[in-house]
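K.L.:
The structure follows.
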Amino acid sequence: MIYPIVMYGDPVLRQRAKDIEQGTDLKMLIDDMFETMHGASGIGLAAPQIGKSIRLFVVDGTVLEDEEGMENFKKAFVNPEILEEVGTPWEFEEGCLSIPNIRENVSRKERLKIRYYDENWNLHEEEYDGMKARIIQHEYDHIEGKLFVDYLPALKKRLLKGKLADISKGKVDTEYRIIAPLKK
């Protein structure tokens with residue numbers, strides 16, 4: 001099932017998501033999240049973006065053909081916890097399915113260590129760097145109630161204020177279904 005994507009301005013995107021009870025069957029939800037993400041041409045999707053305030057996100061970097069090492073980077077992260085972020089911060093242009101048609105440079109540390117469960121409740125502790133780390137950091141921010149626009153300088157945020165207001169009202173063109181919090 002393809003879910004509509006929750007747009008900027010919805011309170012669910014600003015809440016710290018709740019832990020999922022261990023042993024919960026998430027297979028169908030995870031499959032639906034991958035289907036939703038692919039339907040919107042995304043490379044990551046967090047549960048709050050489909051209106052569910054739970055600590056779950058999916059990533060699929062396999063579509064980034066130009067990025068080395070992405071061919072097997074497709075997985076679900078359940079109840080993740082970033083244990084460490086290290087390295088020199090680097091800027092890269094990010095976008096978000098919940099903030100369509102806006103892309104801005106965001107600075108993030110180059111490496112991270114994360115502990116999480118997979119969809120079968122197996123515990124993992126892994127390290128990622130480069131683009132994999134960036135995708136994880138972006139999606140992890142969603143379950144912490146943060147958005148990529150929060151990292152932008154004040155002037156840039158002011159310049160985007162009108163566009164963000166339009167998005168929150170559903171006044172945006174997308175190739176996928178959306179839920180706008182302030183349809184007026």
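The chains in the structure tokens are called A, B, ... from first to last as shown; in each chain the residues are counted from 1, and the ligands are counted from 1 in the order shown.
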Any idea what's packed within 6 Å of stretch 93-107 of chain A, counting only C-alpha atoms, ignoring anything in its chain fewer than 2 positions away? Could you give it as a list in words?
P.N.:
Val6, Met7, Tyr8, Pro89, Trp90 and Glu91 of chain A
K.L.:
Which of stretch 61-167 of chain A end up as strand (DSSP E) when DSSP is run on this backbone - answer as a PDB file with C-alpha atoms, in the first residue's frame?
P.N.:
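Saved file result.pdb follows:
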ATOM      1  CA  LYS A  74      18.648  -1.121   1.211  1.00  0.00           C
ATOM      2  CA  LYS A  75      17.422  -1.699   4.746  1.00  0.00           C
ATOM      3  CA  ALA A  76      15.059  -0.852   7.560  1.00  0.00           C
ATOM      4  CA  PHE A  77      16.176   0.708  10.846  1.00  0.00           C
ATOM      5  CA  VAL A  78      13.931  -0.068  13.831  1.00  0.00           C
ATOM      6  CA  ASN A  79      14.412   1.809  17.132  1.00  0.00           C
ATOM      7  CA  PRO A  80      17.756   3.175  15.932  1.00  0.00           C
ATOM      8  CA  GLU A  81      20.181   5.084  18.104  1.00  0.00           C
ATOM      9  CA  ILE A  82      23.108   7.019  16.668  1.00  0.00           C
ATOM     10  CA  LEU A  83      25.945   6.294  19.062  1.00  0.00           C
ATOM     11  CA  GLU A  84      28.560   8.537  17.507  1.00  0.00           C
ATOM     12  CA  GLU A  85      29.069  11.038  14.697  1.00  0.00           C
ATOM     13  CA  VAL A  86      32.654  11.910  13.802  1.00  0.00           C
ATOM     14  CA  TRP A  90      30.803  18.245   4.632  1.00  0.00           C
ATOM     15  CA  GLU A  91      28.098  20.037   2.708  1.00  0.00           C
ATOM     16  CA  PHE A  92      25.808  18.370   0.228  1.00  0.00           C
ATOM     17  CA  GLU A  93      22.495  19.363  -1.300  1.00  0.00           C
ATOM     18  CA  GLU A  94      19.583  17.622   0.417  1.00  0.00           C
ATOM     19  CA  GLY A  95      15.902  17.443  -0.326  1.00  0.00           C
ATOM     20  CA  CYS A  96      12.963  15.829   1.442  1.00  0.00           C
ATOM     21  CA  ILE A  99       9.397  19.467   1.725  1.00  0.00           C
ATOM     22  CA  PRO A 100       9.055  19.009  -2.046  1.00  0.00           C
ATOM     23  CA  ASN A 101      10.870  21.141  -4.610  1.00  0.00           C
ATOM     24  CA  ILE A 102      13.266  22.651  -2.073  1.00  0.00           C
ATOM     25  CA  ARG A 103      16.898  21.545  -2.053  1.00  0.00           C
ATOM     26  CA  GLU A 104      19.617  23.160   0.048  1.00  0.00           C
ATOM     27  CA  ASN A 105      23.155  22.457   1.182  1.00  0.00           C
ATOM     28  CA  VAL A 106      23.358  20.863   4.625  1.00  0.00           C
ATOM     29  CA  SER A 107      26.558  20.229   6.567  1.00  0.00           C
ATOM     30  CA  ARG A 108      26.827  16.847   8.331  1.00  0.00           C
ATOM     31  CA  ARG A 111      30.895   9.104   9.703  1.00  0.00           C
ATOM     32  CA  LEU A 112      28.546   7.581  12.235  1.00  0.00           C
ATOM     33  CA  LYS A 113      28.018   4.530  14.392  1.00  0.00           C
ATOM     34  CA  ILE A 114      24.425   3.353  14.815  1.00  0.00           C
ATOM     35  CA  ARG A 115      22.675   0.614  16.798  1.00  0.00           C
ATOM     36  CA  TYR A 116      19.333  -0.595  15.459  1.00  0.00           C
ATOM     37  CA  TYR A 117      17.081  -3.596  14.958  1.00  0.00           C
ATOM     38  CA  LEU A 123      20.236  -6.200  16.779  1.00  0.00           C
ATOM     39  CA  HIS A 124      22.995  -4.534  14.716  1.00  0.00           C
ATOM     40  CA  GLU A 125      25.733  -2.054  15.514  1.00  0.00           C
ATOM     41  CA  GLU A 126      27.322  -0.684  12.350  1.00  0.00           C
ATOM     42  CA  GLU A 127      29.427   2.173  11.053  1.00  0.00           C
ATOM     43  CA  TYR A 128      28.675   4.153   7.910  1.00  0.00           C
ATOM     44  CA  ASP A 129      30.392   6.997   6.104  1.00  0.00           C
TER      45      ASP A 129
END
K.L.:
Have a look at A:Asp150, A:Asp173, A:Glu139, A:Asp10 and name the one nearest to A:Val59; count only C-alpha atoms.
P.N.:
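Closest to A:Val59 of all the choices is A:Glu139.
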K.L.:
Mind the document's chain letters and residue numbers, and return as a PyMOL selection string the residues of stretch 21-80 of chain A that DSSP labels helix (DSSP H, G or I).
P.N.:
chain A and resi 27-39+47-50+61-63
K.L.:
Please produce a file of the residues just selected, as a PDB file, in the first residue's frame, where the atoms kept are N, CA, C and O atoms.
P.N.:
ATOM      1  N   LYS A  27       6.760  -6.199   9.207  1.00  0.00           N
ATOM      2  CA  LYS A  27       7.082  -6.548   7.816  1.00  0.00           C
ATOM      3  C   LYS A  27       6.178  -5.846   6.800  1.00  0.00           C
ATOM      4  O   LYS A  27       6.658  -5.302   5.810  1.00  0.00           O
ATOM      5  N   MET A  28       4.873  -5.856   7.032  1.00  0.00           N
ATOM      6  CA  MET A  28       3.962  -5.240   6.061  1.00  0.00           C
ATOM      7  C   MET A  28       4.172  -3.723   6.020  1.00  0.00           C
ATOM      8  O   MET A  28       4.220  -3.130   4.938  1.00  0.00           O
ATOM      9  N   LEU A  29       4.312  -3.095   7.186  1.00  0.00           N
ATOM     10  CA  LEU A  29       4.533  -1.651   7.223  1.00  0.00           C
ATOM     11  C   LEU A  29       5.833  -1.291   6.507  1.00  0.00           C
ATOM     12  O   LEU A  29       5.874  -0.335   5.724  1.00  0.00           O
ATOM     13  N   ILE A  30       6.882  -2.053   6.751  1.00  0.00           N
ATOM     14  CA  ILE A  30       8.174  -1.787   6.095  1.00  0.00           C
ATOM     15  C   ILE A  30       8.048  -1.952   4.582  1.00  0.00           C
ATOM     16  O   ILE A  30       8.537  -1.118   3.820  1.00  0.00           O
ATOM     17  N   ASP A  31       7.379  -3.006   4.139  1.00  0.00           N
ATOM     18  CA  ASP A  31       7.155  -3.186   2.692  1.00  0.00           C
ATOM     19  C   ASP A  31       6.392  -2.001   2.114  1.00  0.00           C
ATOM     20  O   ASP A  31       6.714  -1.500   1.034  1.00  0.00           O
ATOM     21  N   ASP A  32       5.350  -1.545   2.845  1.00  0.00           N
ATOM     22  CA  ASP A  32       4.565  -0.398   2.388  1.00  0.00           C
ATOM     23  C   ASP A  32       5.417   0.867   2.345  1.00  0.00           C
ATOM     24  O   ASP A  32       5.265   1.698   1.443  1.00  0.00           O
ATOM     25  N   MET A  33       6.307   1.025   3.326  1.00  0.00           N
ATOM     26  CA  MET A  33       7.171   2.210   3.342  1.00  0.00           C
ATOM     27  C   MET A  33       8.131   2.202   2.160  1.00  0.00           C
ATOM     28  O   MET A  33       8.357   3.234   1.532  1.00  0.00           O
ATOM     29  N   PHE A  34       8.698   1.036   1.842  1.00  0.00           N
ATOM     30  CA  PHE A  34       9.560   0.951   0.659  1.00  0.00           C
ATOM     31  C   PHE A  34       8.760   1.279  -0.605  1.00  0.00           C
ATOM     32  O   PHE A  34       9.226   2.032  -1.459  1.00  0.00           O
ATOM     33  N   GLU A  35       7.546   0.742  -0.703  1.00  0.00           N
ATOM     34  CA  GLU A  35       6.707   1.002  -1.876  1.00  0.00           C
ATOM     35  C   GLU A  35       6.368   2.496  -1.982  1.00  0.00           C
ATOM     36  O   GLU A  35       6.422   3.089  -3.066  1.00  0.00           O
ATOM     37  N   THR A  36       6.037   3.105  -0.845  1.00  0.00           N
ATOM     38  CA  THR A  36       5.729   4.536  -0.804  1.00  0.00           C
ATOM     39  C   THR A  36       6.932   5.361  -1.223  1.00  0.00           C
ATOM     40  O   THR A  36       6.828   6.282  -2.045  1.00  0.00           O
ATOM     41  N   MET A  37       8.096   5.026  -0.656  1.00  0.00           N
ATOM     42  CA  MET A  37       9.335   5.754  -0.959  1.00  0.00           C
ATOM     43  C   MET A  37       9.680   5.637  -2.440  1.00  0.00           C
ATOM     44  O   MET A  37       9.983   6.635  -3.093  1.00  0.00           O
ATOM     45  N   HIS A  38       9.617   4.428  -2.982  1.00  0.00           N
ATOM     46  CA  HIS A  38       9.941   4.235  -4.397  1.00  0.00           C
ATOM     47  C   HIS A  38       8.933   4.961  -5.293  1.00  0.00           C
ATOM     48  O   HIS A  38       9.318   5.541  -6.311  1.00  0.00           O
ATOM     49  N   GLY A  39       7.653   4.953  -4.896  1.00  0.00           N
ATOM     50  CA  GLY A  39       6.623   5.641  -5.663  1.00  0.00           C
ATOM     51  C   GLY A  39       6.842   7.148  -5.729  1.00  0.00           C
ATOM     52  O   GLY A  39       6.375   7.809  -6.650  1.00  0.00           O
ATOM     53  N   ALA A  47       8.982   6.887   9.312  1.00  0.00           N
ATOM     54  CA  ALA A  47       7.576   6.666   9.653  1.00  0.00           C
ATOM     55  C   ALA A  47       6.792   7.961   9.897  1.00  0.00           C
ATOM     56  O   ALA A  47       5.634   8.048   9.470  1.00  0.00           O
ATOM     57  N   PRO A  48       7.371   8.990  10.546  1.00  0.00           N
ATOM     58  CA  PRO A  48       6.593  10.225  10.703  1.00  0.00           C
ATOM     59  C   PRO A  48       6.141  10.841   9.372  1.00  0.00           C
ATOM     60  O   PRO A  48       5.124  11.532   9.323  1.00  0.00           O
ATOM     61  N   GLN A  49       6.869  10.574   8.303  1.00  0.00           N
ATOM     62  CA  GLN A  49       6.502  11.126   6.994  1.00  0.00           C
ATOM     63  C   GLN A  49       5.248  10.480   6.413  1.00  0.00           C
ATOM     64  O   GLN A  49       4.704  10.973   5.431  1.00  0.00           O
ATOM     65  N   ILE A  50       4.806   9.374   7.011  1.00  0.00           N
ATOM     66  CA  ILE A  50       3.526   8.781   6.615  1.00  0.00           C
ATOM     67  C   ILE A  50       2.533   8.871   7.783  1.00  0.00           C
ATOM     68  O   ILE A  50       1.566   8.130   7.839  1.00  0.00           O
ATOM     69  N   GLY A  61      19.665   3.174  -1.118  1.00  0.00           N
ATOM     70  CA  GLY A  61      20.648   3.902  -1.909  1.00  0.00           C
ATOM     71  C   GLY A  61      20.994   3.216  -3.210  1.00  0.00           C
ATOM     72  O   GLY A  61      21.823   3.714  -3.978  1.00  0.00           O
ATOM     73  N   THR A  62      20.361   2.077  -3.481  1.00  0.00           N
ATOM     74  CA  THR A  62      20.704   1.321  -4.686  1.00  0.00           C
ATOM     75  C   THR A  62      20.385   2.093  -5.954  1.00  0.00           C
ATOM     76  O   THR A  62      20.950   1.802  -7.009  1.00  0.00           O
ATOM     77  N   VAL A  63      19.505   3.100  -5.852  1.00  0.00           N
ATOM     78  CA  VAL A  63      19.152   3.901  -7.032  1.00  0.00           C
ATOM     79  C   VAL A  63      20.228   4.934  -7.362  1.00  0.00           C
ATOM     80  O   VAL A  63      20.203   5.533  -8.425  1.00  0.00           O
TER      81      VAL A  63
END
K.L.:
Using only C-alpha atoms for the distances, tell me which of A:Tyr140, A:Phe148, A:Phe57, A:Trp121 is nearest to A:Glu21.
P.N.:
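With only C-alpha atoms as the atom set, the closest residue is A:Trp121.
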K.L.:
Considering only C-alpha atoms, can you say which of A:Gly130, A:Gly51, A:Pro153, A:Gly170 comes closest to A:Arg14?
P.N.:
A:Gly51
K.L.:
Work out how far atom CA of A:Leu147 is from atom CA of A:Thr24, in Å to one decimal.
P.N.:
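That distance, rounded to one decimal, is 27.0 Å.
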